[in-house]
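One file, coords01.cif, is given below (mmCIF, C-alpha atoms).
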data_my_file
loop_
_atom_site.label_atom_id
_atom_site.label_comp_id
_atom_site.auth_asym_id
_atom_site.auth_seq_id
_atom_site.Cartn_x
_atom_site.Cartn_y
_atom_site.Cartn_z
CA MET A 1 -9.64 2.36 11.58
CA ARG A 2 -11.76 1.88 14.66
CA GLY A 3 -15.36 1.93 15.76
CA LEU A 4 -17.69 3.78 13.47
CA SER A 5 -15.15 4.09 10.65
CA ARG A 6 -14.47 0.35 10.62
CA THR A 7 -18.18 -0.37 10.12
CA SER A 8 -18.41 2.27 7.39
CA LEU A 9 -15.35 0.84 5.64
CA ALA A 10 -17.06 -2.54 5.34
CA GLU A 11 -20.16 -0.89 3.86
CA VAL A 12 -18.18 1.11 1.31
CA GLU A 13 -16.08 -1.91 0.36
CA GLU A 14 -19.27 -3.83 -0.37
CA ARG A 15 -20.45 -1.06 -2.73
CA PHE A 16 -16.99 -0.88 -4.31
CA ASN A 17 -16.87 -4.65 -4.92
CA ALA A 18 -20.26 -4.55 -6.62
CA ALA A 19 -19.26 -1.61 -8.82
CA ALA A 20 -15.77 -2.86 -9.69
CA GLY A 21 -16.94 -6.09 -11.28
CA SER A 22 -17.68 -4.49 -14.64
CA ALA A 23 -15.28 -1.52 -14.44
CA ASP A 24 -11.93 -0.76 -16.03
CA LEU A 25 -9.91 -1.37 -12.90
CA GLY A 26 -6.94 0.75 -13.95
CA ALA A 27 -9.20 3.72 -14.64
CA LEU A 28 -11.08 3.10 -11.39
CA SER A 29 -7.81 3.16 -9.46
CA ASP A 30 -6.65 6.37 -11.14
CA GLU A 31 -9.99 8.09 -10.53
CA LEU A 32 -10.16 7.11 -6.87
CA PHE A 33 -6.64 8.44 -6.38
CA ALA A 34 -7.63 11.66 -8.16
CA VAL A 35 -10.65 12.14 -5.87
CA THR A 36 -8.44 11.44 -2.85
CA ASP A 37 -5.99 14.09 -3.99
CA LEU A 38 -8.82 16.58 -4.59
CA LEU A 39 -10.24 16.11 -1.08
CA ASP A 40 -6.77 16.31 0.45
CA ARG A 41 -6.26 19.70 -1.23
CA GLU A 42 -9.73 21.08 -0.55
CA HIS A 43 -10.08 20.79 3.21
CA GLY A 44 -13.40 22.60 3.34
CA LEU A 45 -14.90 20.28 0.75
CA ARG A 46 -13.64 17.22 2.62
CA ARG A 47 -15.13 18.46 5.89
CA ALA A 48 -18.45 19.19 4.17
CA LEU A 49 -18.63 15.74 2.57
CA SER A 50 -17.70 13.93 5.78
CA ASP A 51 -19.91 16.03 8.09
CA PRO A 52 -22.35 13.62 9.80
CA ALA A 53 -24.78 16.48 10.41
CA ARG A 54 -25.35 17.06 6.68
CA PRO A 55 -28.02 14.89 5.00
CA ALA A 56 -26.61 12.13 2.80
CA GLY A 57 -28.73 13.30 -0.14
CA GLN A 58 -27.30 16.79 0.09
CA LYS A 59 -23.74 15.48 0.14
CA ALA A 60 -24.46 13.19 -2.81
CA GLU A 61 -25.85 16.14 -4.77
CA THR A 62 -22.70 18.17 -4.08
CA LEU A 63 -20.56 15.24 -5.15
CA ARG A 64 -22.43 14.64 -8.39
CA GLY A 65 -22.09 18.32 -9.25
CA LEU A 66 -18.33 17.96 -8.94
CA LEU A 67 -17.75 14.57 -10.53
CA GLN A 68 -20.64 13.78 -12.87
CA GLY A 69 -19.26 13.20 -16.37
CA LYS A 70 -15.64 13.41 -15.14
CA VAL A 71 -15.33 9.91 -13.65
CA GLY A 72 -16.83 6.52 -14.42
CA ASP A 73 -19.96 5.12 -12.83
CA ALA A 74 -17.97 2.76 -10.59
CA THR A 75 -15.94 5.63 -9.15
CA LEU A 76 -18.98 7.83 -8.68
CA GLY A 77 -20.93 5.06 -6.95
CA THR A 78 -18.01 4.22 -4.65
CA VAL A 79 -17.42 7.84 -3.65
CA GLU A 80 -21.15 8.41 -3.12
CA ALA A 81 -21.18 5.44 -0.73
CA ALA A 82 -18.16 6.88 1.07
CA VAL A 83 -19.66 10.33 1.61
CA ALA A 84 -22.98 8.82 2.72
CA ALA A 85 -21.18 6.79 5.41
CA ARG A 86 -20.29 8.11 8.86
CA TRP A 87 -16.62 8.45 9.84
CA SER A 88 -14.89 8.86 13.17
CA ARG A 89 -12.75 11.62 11.67
CA ALA A 90 -12.80 13.50 8.35
CA GLY A 91 -9.44 12.04 7.29
CA ASP A 92 -10.87 8.52 7.30
CA LEU A 93 -12.93 9.40 4.21
CA THR A 94 -9.85 10.08 2.10
CA ASP A 95 -7.93 7.17 3.65
CA VAL A 96 -10.69 4.82 2.50
CA LEU A 97 -10.74 6.21 -1.04
CA GLU A 98 -6.96 5.83 -1.30
CA ARG A 99 -7.18 2.29 0.07
CA LEU A 100 -9.78 1.35 -2.55
CA GLY A 101 -7.60 2.89 -5.25
CA VAL A 102 -4.83 0.49 -4.20
CA VAL A 103 -7.27 -2.43 -4.11
CA ALA A 104 -8.45 -1.60 -7.65
CA ALA A 105 -4.85 -1.58 -8.88
CA ALA A 106 -4.23 -4.92 -7.14
CA ALA A 107 -7.36 -6.40 -8.71
CA GLU A 108 -6.15 -5.17 -12.10
CA ALA A 109 -2.81 -6.95 -11.53
CA GLU A 110 -4.56 -10.12 -10.40
CA GLY A 111 -6.66 -10.14 -13.56
CA GLN A 112 -3.48 -9.84 -15.62
CA GLY A 113 -1.76 -12.62 -13.66
CA LYS A 114 0.77 -10.11 -12.29
CA LEU A 115 -0.15 -9.83 -8.63
CA ASP A 116 3.06 -11.57 -7.48
CA ASP A 117 5.07 -9.27 -9.75
CA VAL A 118 3.50 -6.18 -8.20
CA GLU A 119 4.29 -7.35 -4.65
CA ASP A 120 7.89 -8.08 -5.58
CA GLU A 121 8.35 -4.87 -7.56
CA LEU A 122 7.02 -2.63 -4.79
CA PHE A 123 9.38 -4.25 -2.33
CA ARG A 124 12.41 -4.09 -4.64
CA PHE A 125 11.76 -0.48 -5.60
CA GLY A 126 11.59 0.46 -1.93
CA ARG A 127 15.04 -1.05 -1.43
CA ILE A 128 16.38 0.73 -4.52
CA VAL A 129 15.11 4.07 -3.22
CA ALA A 130 16.60 3.44 0.23
CA ALA A 131 20.01 2.70 -1.33
CA ASN A 132 20.00 5.65 -3.75
CA PRO A 133 19.92 9.04 -1.96
CA GLU A 134 19.78 11.05 -5.20
CA LEU A 135 16.78 9.11 -6.50
CA ARG A 136 15.09 9.34 -3.13
CA LEU A 137 15.57 13.12 -3.05
CA ALA A 138 14.22 13.50 -6.58
CA LEU A 139 11.07 11.56 -5.67
CA THR A 140 10.47 13.07 -2.24
CA ASP A 141 11.42 16.73 -2.73
CA ALA A 142 8.28 18.63 -1.69
CA ALA A 143 9.26 21.55 -3.92
CA ALA A 144 9.54 19.38 -7.06
CA PRO A 145 6.40 19.33 -9.24
CA ALA A 146 4.39 16.11 -9.32
CA GLU A 147 4.58 16.05 -13.12
CA GLY A 148 8.38 15.85 -12.99
CA LYS A 149 8.26 12.93 -10.58
CA GLN A 150 5.72 11.15 -12.75
CA GLN A 151 7.90 11.57 -15.85
CA LEU A 152 10.99 10.36 -13.96
CA LEU A 153 9.16 7.22 -12.90
CA ARG A 154 7.87 6.60 -16.42
CA ASP A 155 11.43 6.89 -17.71
CA LEU A 156 12.79 4.58 -15.01
CA LEU A 157 10.06 1.97 -14.81
CA GLY A 158 7.93 2.21 -17.95
CA GLY A 159 7.83 -1.18 -19.68
CA LYS A 160 9.96 -2.74 -16.93
CA VAL A 161 7.30 -3.28 -14.25
CA ALA A 162 3.62 -4.20 -14.20
CA PRO A 163 1.27 -1.30 -15.03
CA SER A 164 -0.21 -1.52 -11.53
CA THR A 165 3.24 -1.16 -9.98
CA LEU A 166 3.95 2.00 -11.94
CA ARG A 167 0.50 3.35 -11.02
CA LEU A 168 1.04 2.76 -7.29
CA VAL A 169 4.63 4.04 -7.15
CA THR A 170 3.65 7.16 -9.09
CA GLN A 171 0.75 7.87 -6.73
CA LEU A 172 3.00 7.62 -3.68
CA ALA A 173 5.74 9.80 -5.13
CA ALA A 174 3.37 12.50 -6.36
CA HIS A 175 1.03 12.42 -3.35
CA PRO A 176 2.79 10.98 -0.27
CA ARG A 177 0.07 12.16 2.15
CA GLY A 178 2.56 12.72 4.96
CA ARG A 179 4.36 9.36 4.62
CA ASN A 180 7.93 8.67 3.63
CA LEU A 181 8.23 6.84 0.32
CA GLU A 182 9.57 3.58 1.73
CA GLY A 183 6.83 3.42 4.36
CA GLY A 184 4.18 4.11 1.74
CA LEU A 185 5.52 1.36 -0.52
CA GLU A 186 5.39 -1.09 2.37
CA GLU A 187 1.84 -0.04 3.23
CA TYR A 188 0.72 -0.47 -0.37
CA GLY A 189 2.48 -3.84 -0.51
CA GLN A 190 0.46 -5.01 2.47
CA LEU A 191 -2.79 -3.94 0.80
CA VAL A 192 -1.81 -5.72 -2.42
CA ALA A 193 -1.06 -8.88 -0.43
CA GLN A 194 -4.51 -8.72 1.14
CA GLN A 195 -5.97 -9.20 -2.32
CA ARG A 196 -5.16 -12.86 -1.71
CA GLN A 197 -5.62 -12.67 2.04
CA ARG A 198 -2.01 -13.52 2.72
CA LEU A 199 0.72 -12.21 4.98
CA VAL A 200 3.91 -10.52 3.85
CA ALA A 201 7.17 -11.72 5.41
CA VAL A 202 10.32 -9.62 5.00
CA VAL A 203 13.32 -11.95 5.18
CA ARG A 204 16.86 -10.66 5.77
CA SER A 205 19.63 -13.07 4.95
CA ALA A 206 23.40 -12.80 4.43
CA VAL A 207 23.10 -14.66 1.12
CA ALA A 208 20.35 -15.16 -1.45
CA LEU A 209 18.00 -18.03 -0.57
CA SER A 210 17.59 -20.86 -3.06
CA GLU A 211 14.13 -21.66 -4.40
CA GLU A 212 14.05 -24.80 -2.25
CA GLN A 213 14.90 -22.77 0.87
CA LYS A 214 12.19 -20.23 0.02
CA GLN A 215 9.64 -23.01 -0.43
CA ARG A 216 10.57 -24.64 2.90
CA LEU A 217 10.44 -21.31 4.73
CA THR A 218 7.11 -20.42 3.11
CA ALA A 219 5.64 -23.79 4.07
CA TRP A 220 6.85 -23.43 7.67
CA LEU A 221 5.42 -19.91 7.99
CA ARG A 222 2.13 -21.02 6.43
CA GLY A 223 1.89 -23.82 8.98
CA SER A 224 2.78 -21.47 11.84
CA TYR A 225 0.38 -18.65 10.93
CA GLY A 226 -2.38 -20.62 9.22
CA ARG A 227 -2.35 -18.31 6.20
CA ASP A 228 -0.51 -18.04 2.89
CA VAL A 229 2.68 -16.00 3.13
CA HIS A 230 4.47 -13.97 0.46
CA LEU A 231 8.25 -13.71 0.97
CA ASN A 232 10.20 -10.53 0.26
CA VAL A 233 13.87 -11.51 0.58
CA GLU A 234 16.52 -8.87 1.26
CA VAL A 235 20.20 -9.86 1.05
CA ASP A 236 22.12 -8.04 3.78
CA PRO A 237 25.80 -8.98 4.42
CA ARG A 238 25.56 -7.39 7.88
CA VAL A 239 23.45 -10.35 8.98
CA LEU A 240 26.63 -12.53 9.13
CA GLY A 241 24.72 -15.81 9.36
CA GLY A 242 21.21 -17.20 9.65
CA PHE A 243 18.23 -15.03 8.75
CA SER A 244 15.48 -12.91 10.25
CA VAL A 245 11.80 -12.80 9.34
CA ARG A 246 9.50 -9.85 10.02
CA ILE A 247 5.73 -10.24 9.72
CA GLY A 248 4.01 -7.08 10.84
CA ASP A 249 5.41 -6.23 14.27
CA GLU A 250 6.64 -9.77 14.95
CA ILE A 251 10.29 -10.67 14.31
CA ILE A 252 11.81 -14.15 14.19
CA ASP A 253 15.57 -13.65 14.41
CA THR A 254 18.06 -16.50 13.93
CA THR A 255 20.94 -14.30 12.78
CA ILE A 256 24.33 -14.21 14.46
CA VAL A 257 23.92 -10.45 14.85
CA GLY A 258 20.55 -11.00 16.51
CA ARG A 259 22.00 -13.49 18.97
CA ILE A 260 24.87 -11.14 19.81
CA GLU A 261 22.39 -8.32 20.46
CA GLU A 262 20.31 -10.62 22.67
CA VAL A 263 23.38 -11.49 24.76
CA ARG A 264 24.22 -7.79 25.06
CA ARG A 265 20.69 -6.99 26.25
CA ARG A 266 20.82 -9.73 28.86
CA LEU A 267 24.21 -8.56 30.12
CA ALA A 268 23.04 -4.97 30.26
CA GLY A 269 19.88 -6.02 32.11
#
What is this file in structure tokens?
Amino acid sequence: MRGLSRTSLAEVEERFNAAAGSADLGALSDELFAVTDLLDREHGLRRALSDPARPAGQKAETLRGLLQGKVGDATLGTVEAAVAARWSRAGDLTDVLERLGVVAAAAEAEGQGKLDDVEDELFRFGRIVAANPELRLALTDAAAPAEGKQQLLRDLLGGKVAPSTLRLVTQLAAHPRGRNLEGGLEEYGQLVAQQRQRLVAVVRSAVALSEEQKQRLTAWLRGSYGRDVHLNVEVDPRVLGGFSVRIGDEIIDTTIVGRIEEVRRRLAG
């Protein structure tokens, strides 16, 4: 987000943080996702609630008429702050509510001591989906009802992953909001990592890294970037040797394949 929306995001996050302290974080996450889905479906309502020309009190009154008694106080207070804020575009309102739904789920996981598990599980599930076309189709088919996708995920993941992981994966499958599933999982993983203000590094290696190798790589990346780093390691035999590390848009490539490609680029240039 840029400009006006970035300033408004900070204001809404402050209200959210104050409200979330005493809230059931799982319920808060679910309710924020539900409001996001409602505003995504009802375009006229979203435009009305994000219209900077409408008085904030009028928008709050409309909102309370819709949500009062249907969501908790923390959700209502957060959404009221969001509709009172000014956004560069109407879609930023729903993007912020979705983002805070993810943050609430991450905070729930942190309180349960499962934040690392959620990061790992989101990453691993993304790789499972990418490698299983039938599963990917079942979860991304626009014609398939959301309830069927939710039941499939409960059957596959229920009791096997952290509750926050199941909550986030289910939200993405049922309401992708124009994203592909793998991209959405990566985006959510980044937001979960921000709960500890750390970077996410995706490591591709021909063989699994030992714990000692992971610790050395993590320490080196922490020293290089000045921030804690969470490693997501992907074993890929196509690498041939060495490893590559992707942090955001930056890639550190020591693989044999990478060096071959670099030579090819230089020869072609």
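Among the candidates A:Gln58, A:Ser205, A:Ser8, A:Thr75, the residue lying nearest to Ala104 in chain A is A:Thr75 (atoms considered: all atoms listed in the file).
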Next item on the list: Expand the PyMOL selection byres ((chain A and resi 176-181) around 10) into the individual residues it matches in the shown file, reporting them as a list in words.
Entry: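 Here the PyMOL selection byres ((chain A and resi 176-181) around 10) matches Thr36, Asp37, Asp40, Asp95, Gly126, Val129, Ala130, Arg136, Leu139, Thr140, Ala142, Val169, Thr170, Gln171, Leu172, Ala173, Ala174, His175, Glu182, Gly183, Gly184, Leu185, Glu186 and Glu187 of chain A.
Each of A:Val192, A:Ala18, A:Ala74, A:Leu122 was checked against Leu157 in chain A using only C-alpha atoms; the smallest atom-to-atom distance is that of A:Leu122.
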Next item on the list: Give as number ranges by chain the residues that the PyMOL selection byres ((chain A and resi 116-121) around 10) matches when applied to the coordinates above.
Entry: A: 105-106, 109-110, 113-115, 122-127, 160-166, 168-169, 185-186, 188-193, 200, 230-233
Next item on the list: Name the closest residue to Glu234 in chain A among the candidates A:Arg204, A:Ala48, A:Val12, A:Thr7; distances are taken between atoms, counting all atoms listed in the file.
Entry: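 Of all the options, A:Arg204 lies closest to Glu234 in chain A.
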Margin query: So the first atom is CA of Lys214 in chain A and the second is CA of Asp253 in chain A; what is the distance between them in Å, to one decimal place?
Written below: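 Interatomic distance, CA of Lys214 in chain A to CA of Asp253 in chain A: 16.2 Å.
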Check: What lies within 12 Å of Gly21 in chain A using only C-alpha atoms, ignoring chain neighbours under 4 positions off, as a list in words?
Finding: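 What passes the distance filter is Glu14, Arg15, Phe16, Asn17, Leu25, Leu28, Asp73, Ala74, Thr75, Ala104, Ala107, Glu108 and Gly111 of chain A.
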Note to self: Running the PyMOL selection byres ((chain A and resi 247) around 12) on this model by hand, what would come out? Give it as a list of chain:residue names.
What the structure shows: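 With the shown file as input, the PyMOL selection byres ((chain A and resi 247) around 12) matches A:Glu186, A:Gln190, A:Arg198, A:Leu199, A:Val200, A:Ala201, A:Val202, A:Val203, A:Arg204, A:Leu221, A:Arg222, A:Ser224, A:Tyr225, A:Arg227, A:Val229, A:His230, A:Leu231, A:Asn232, A:Ser244, A:Val245, A:Arg246, A:Gly248, A:Asp249, A:Glu250, A:Ile251, A:Ile252, A:Asp253.
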Could you turn the residues from that selection into a file that holds C-alpha atoms, as a PDB file, keeping the file's coordinate frame?
ATOM      1  CA  GLU A 186       5.390  -1.090   2.370  1.00  0.00           C
ATOM      2  CA  GLN A 190       0.460  -5.010   2.470  1.00  0.00           C
ATOM      3  CA  ARG A 198      -2.010 -13.520   2.720  1.00  0.00           C
ATOM      4  CA  LEU A 199       0.720 -12.210   4.980  1.00  0.00           C
ATOM      5  CA  VAL A 200       3.910 -10.520   3.850  1.00  0.00           C
ATOM      6  CA  ALA A 201       7.170 -11.720   5.410  1.00  0.00           C
ATOM      7  CA  VAL A 202      10.320  -9.620   5.000  1.00  0.00           C
ATOM      8  CA  VAL A 203      13.320 -11.950   5.180  1.00  0.00           C
ATOM      9  CA  ARG A 204      16.860 -10.660   5.770  1.00  0.00           C
ATOM     10  CA  LEU A 221       5.420 -19.910   7.990  1.00  0.00           C
ATOM     11  CA  ARG A 222       2.130 -21.020   6.430  1.00  0.00           C
ATOM     12  CA  SER A 224       2.780 -21.470  11.840  1.00  0.00           C
ATOM     13  CA  TYR A 225       0.380 -18.650  10.930  1.00  0.00           C
ATOM     14  CA  ARG A 227      -2.350 -18.310   6.200  1.00  0.00           C
ATOM     15  CA  VAL A 229       2.680 -16.000   3.130  1.00  0.00           C
ATOM     16  CA  HIS A 230       4.470 -13.970   0.460  1.00  0.00           C
ATOM     17  CA  LEU A 231       8.250 -13.710   0.970  1.00  0.00           C
ATOM     18  CA  ASN A 232      10.200 -10.530   0.260  1.00  0.00           C
ATOM     19  CA  SER A 244      15.480 -12.910  10.250  1.00  0.00           C
ATOM     20  CA  VAL A 245      11.800 -12.800   9.340  1.00  0.00           C
ATOM     21  CA  ARG A 246       9.500  -9.850  10.020  1.00  0.00           C
ATOM     22  CA  GLY A 248       4.010  -7.080  10.840  1.00  0.00           C
ATOM     23  CA  ASP A 249       5.410  -6.230  14.270  1.00  0.00           C
ATOM     24  CA  GLU A 250       6.640  -9.770  14.950  1.00  0.00           C
ATOM     25  CA  ILE A 251      10.290 -10.670  14.310  1.00  0.00           C
ATOM     26  CA  ILE A 252      11.810 -14.150  14.190  1.00  0.00           C
ATOM     27  CA  ASP A 253      15.570 -13.650  14.410  1.00  0.00           C
TER      28      ASP A 253
END
Check: In terms of the shortest atom-to-atom distance over only C-alpha atoms, which of A:Arg196, A:Lys59, A:Arg154, A:Lys70 is closest to Arg46 in chain A?
Finding: A:Lys59
Item checked: Minimum-distance residue to Ala138 in chain A, chosen among A:Leu38, A:Leu153, A:Ala90, A:Leu45 (using all atoms listed in the file) ->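 Among the listed residues, the smallest separation from Ala138 in chain A belongs to A:Leu153.
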Notebook entry, point to check: At what distance in Å, to one decimal, does CA of Thr254 in chain A lie from CA of Ala208 in chain A?
Noted result: 15.6 Å
Can you fill out range 229-254 of chain A with N, CA, C and O atoms and hand it back as an mmCIF file, keeping the file's coordinate frame?
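Once everything was written out, this is selection-v8.cif:
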data_model
loop_
_atom_site.group_PDB
_atom_site.id
_atom_site.type_symbol
_atom_site.label_atom_id
_atom_site.label_comp_id
_atom_site.auth_asym_id
_atom_site.auth_seq_id
_atom_site.Cartn_x
_atom_site.Cartn_y
_atom_site.Cartn_z
ATOM 1 N N VAL A 229 1.671 -17.018 2.837
ATOM 2 C CA VAL A 229 2.680 -16.000 3.130
ATOM 3 C C VAL A 229 3.455 -15.700 1.851
ATOM 4 O O VAL A 229 3.871 -16.608 1.134
ATOM 5 N N HIS A 230 3.634 -14.408 1.582
ATOM 6 C CA HIS A 230 4.470 -13.970 0.460
ATOM 7 C C HIS A 230 5.810 -13.524 1.028
ATOM 8 O O HIS A 230 5.860 -12.693 1.934
ATOM 9 N N LEU A 231 6.915 -14.051 0.481
ATOM 10 C CA LEU A 231 8.250 -13.710 0.970
ATOM 11 C C LEU A 231 8.837 -12.556 0.157
ATOM 12 O O LEU A 231 8.851 -12.586 -1.073
ATOM 13 N N ASN A 232 9.339 -11.556 0.854
ATOM 14 C CA ASN A 232 10.200 -10.530 0.260
ATOM 15 C C ASN A 232 11.581 -10.719 0.872
ATOM 16 O O ASN A 232 11.764 -10.507 2.075
ATOM 17 N N VAL A 233 12.545 -11.151 0.070
ATOM 18 C CA VAL A 233 13.870 -11.510 0.580
ATOM 19 C C VAL A 233 14.846 -10.383 0.311
ATOM 20 O O VAL A 233 14.999 -9.930 -0.832
ATOM 21 N N GLU A 234 15.521 -9.937 1.357
ATOM 22 C CA GLU A 234 16.520 -8.870 1.260
ATOM 23 C C GLU A 234 17.872 -9.441 1.668
ATOM 24 O O GLU A 234 18.033 -9.957 2.776
ATOM 25 N N VAL A 235 18.843 -9.393 0.757
ATOM 26 C CA VAL A 235 20.200 -9.860 1.050
ATOM 27 C C VAL A 235 20.947 -8.744 1.758
ATOM 28 O O VAL A 235 21.065 -7.638 1.238
ATOM 29 N N ASP A 236 21.444 -9.043 2.961
ATOM 30 C CA ASP A 236 22.120 -8.040 3.780
ATOM 31 C C ASP A 236 23.363 -8.681 4.404
ATOM 32 O O ASP A 236 23.254 -9.470 5.346
ATOM 33 N N PRO A 237 24.567 -8.366 3.891
ATOM 34 C CA PRO A 237 25.800 -8.980 4.420
ATOM 35 C C PRO A 237 26.017 -8.720 5.904
ATOM 36 O O PRO A 237 26.761 -9.466 6.569
ATOM 37 N N ARG A 238 25.387 -7.692 6.457
ATOM 38 C CA ARG A 238 25.560 -7.390 7.880
ATOM 39 C C ARG A 238 24.942 -8.458 8.778
ATOM 40 O O ARG A 238 25.225 -8.524 9.961
ATOM 41 N N VAL A 239 24.098 -9.302 8.197
ATOM 42 C CA VAL A 239 23.450 -10.350 8.980
ATOM 43 C C VAL A 239 24.458 -11.350 9.521
ATOM 44 O O VAL A 239 24.298 -11.913 10.589
ATOM 45 N N LEU A 240 25.529 -11.625 8.782
ATOM 46 C CA LEU A 240 26.630 -12.530 9.130
ATOM 47 C C LEU A 240 26.253 -13.997 8.991
ATOM 48 O O LEU A 240 27.014 -14.803 8.479
ATOM 49 N N GLY A 241 25.132 -14.421 9.466
ATOM 50 C CA GLY A 241 24.720 -15.810 9.360
ATOM 51 C C GLY A 241 23.287 -15.963 9.812
ATOM 52 O O GLY A 241 22.777 -15.156 10.579
ATOM 53 N N GLY A 242 22.604 -17.010 9.314
ATOM 54 C CA GLY A 242 21.210 -17.200 9.650
ATOM 55 C C GLY A 242 20.337 -16.225 8.883
ATOM 56 O O GLY A 242 20.732 -15.683 7.848
ATOM 57 N N PHE A 243 19.138 -15.963 9.411
ATOM 58 C CA PHE A 243 18.230 -15.030 8.750
ATOM 59 C C PHE A 243 17.224 -14.515 9.778
ATOM 60 O O PHE A 243 17.062 -15.097 10.853
ATOM 61 N N SER A 244 16.560 -13.415 9.413
ATOM 62 C CA SER A 244 15.480 -12.910 10.250
ATOM 63 C C SER A 244 14.230 -12.777 9.384
ATOM 64 O O SER A 244 14.312 -12.560 8.175
ATOM 65 N N VAL A 245 13.076 -12.910 10.031
ATOM 66 C CA VAL A 245 11.800 -12.800 9.340
ATOM 67 C C VAL A 245 10.935 -11.809 10.107
ATOM 68 O O VAL A 245 10.762 -11.945 11.317
ATOM 69 N N ARG A 246 10.417 -10.812 9.389
ATOM 70 C CA ARG A 246 9.500 -9.850 10.020
ATOM 71 C C ARG A 246 8.138 -9.959 9.361
ATOM 72 O O ARG A 246 7.998 -9.822 8.150
ATOM 73 N N ILE A 247 7.121 -10.237 10.176
ATOM 74 C CA ILE A 247 5.730 -10.240 9.720
ATOM 75 C C ILE A 247 4.979 -9.260 10.604
ATOM 76 O O ILE A 247 4.755 -9.517 11.787
ATOM 77 N N GLY A 248 4.627 -8.123 10.022
ATOM 78 C CA GLY A 248 4.010 -7.080 10.840
ATOM 79 C C GLY A 248 4.977 -6.603 11.904
ATOM 80 O O GLY A 248 6.103 -6.217 11.614
ATOM 81 N N ASP A 249 4.554 -6.656 13.162
ATOM 82 C CA ASP A 249 5.410 -6.230 14.270
ATOM 83 C C ASP A 249 6.187 -7.390 14.881
ATOM 84 O O ASP A 249 6.963 -7.189 15.816
ATOM 85 N N GLU A 250 5.986 -8.597 14.382
ATOM 86 C CA GLU A 250 6.640 -9.770 14.950
ATOM 87 C C GLU A 250 7.913 -10.099 14.193
ATOM 88 O O GLU A 250 7.934 -10.106 12.955
ATOM 89 N N ILE A 251 8.994 -10.368 14.929
ATOM 90 C CA ILE A 251 10.290 -10.670 14.310
ATOM 91 C C ILE A 251 10.786 -12.021 14.816
ATOM 92 O O ILE A 251 10.799 -12.283 16.024
ATOM 93 N N ILE A 252 11.161 -12.874 13.887
ATOM 94 C CA ILE A 252 11.810 -14.150 14.190
ATOM 95 C C ILE A 252 13.263 -14.000 13.762
ATOM 96 O O ILE A 252 13.564 -13.870 12.577
ATOM 97 N N ASP A 253 14.179 -13.982 14.718
ATOM 98 C CA ASP A 253 15.570 -13.650 14.410
ATOM 99 C C ASP A 253 16.487 -14.824 14.751
ATOM 100 O O ASP A 253 16.636 -15.197 15.913
ATOM 101 N N THR A 254 17.086 -15.425 13.713
ATOM 102 C CA THR A 254 18.060 -16.500 13.930
ATOM 103 C C THR A 254 19.453 -16.073 13.511
ATOM 104 O O THR A 254 20.357 -16.907 13.398
#
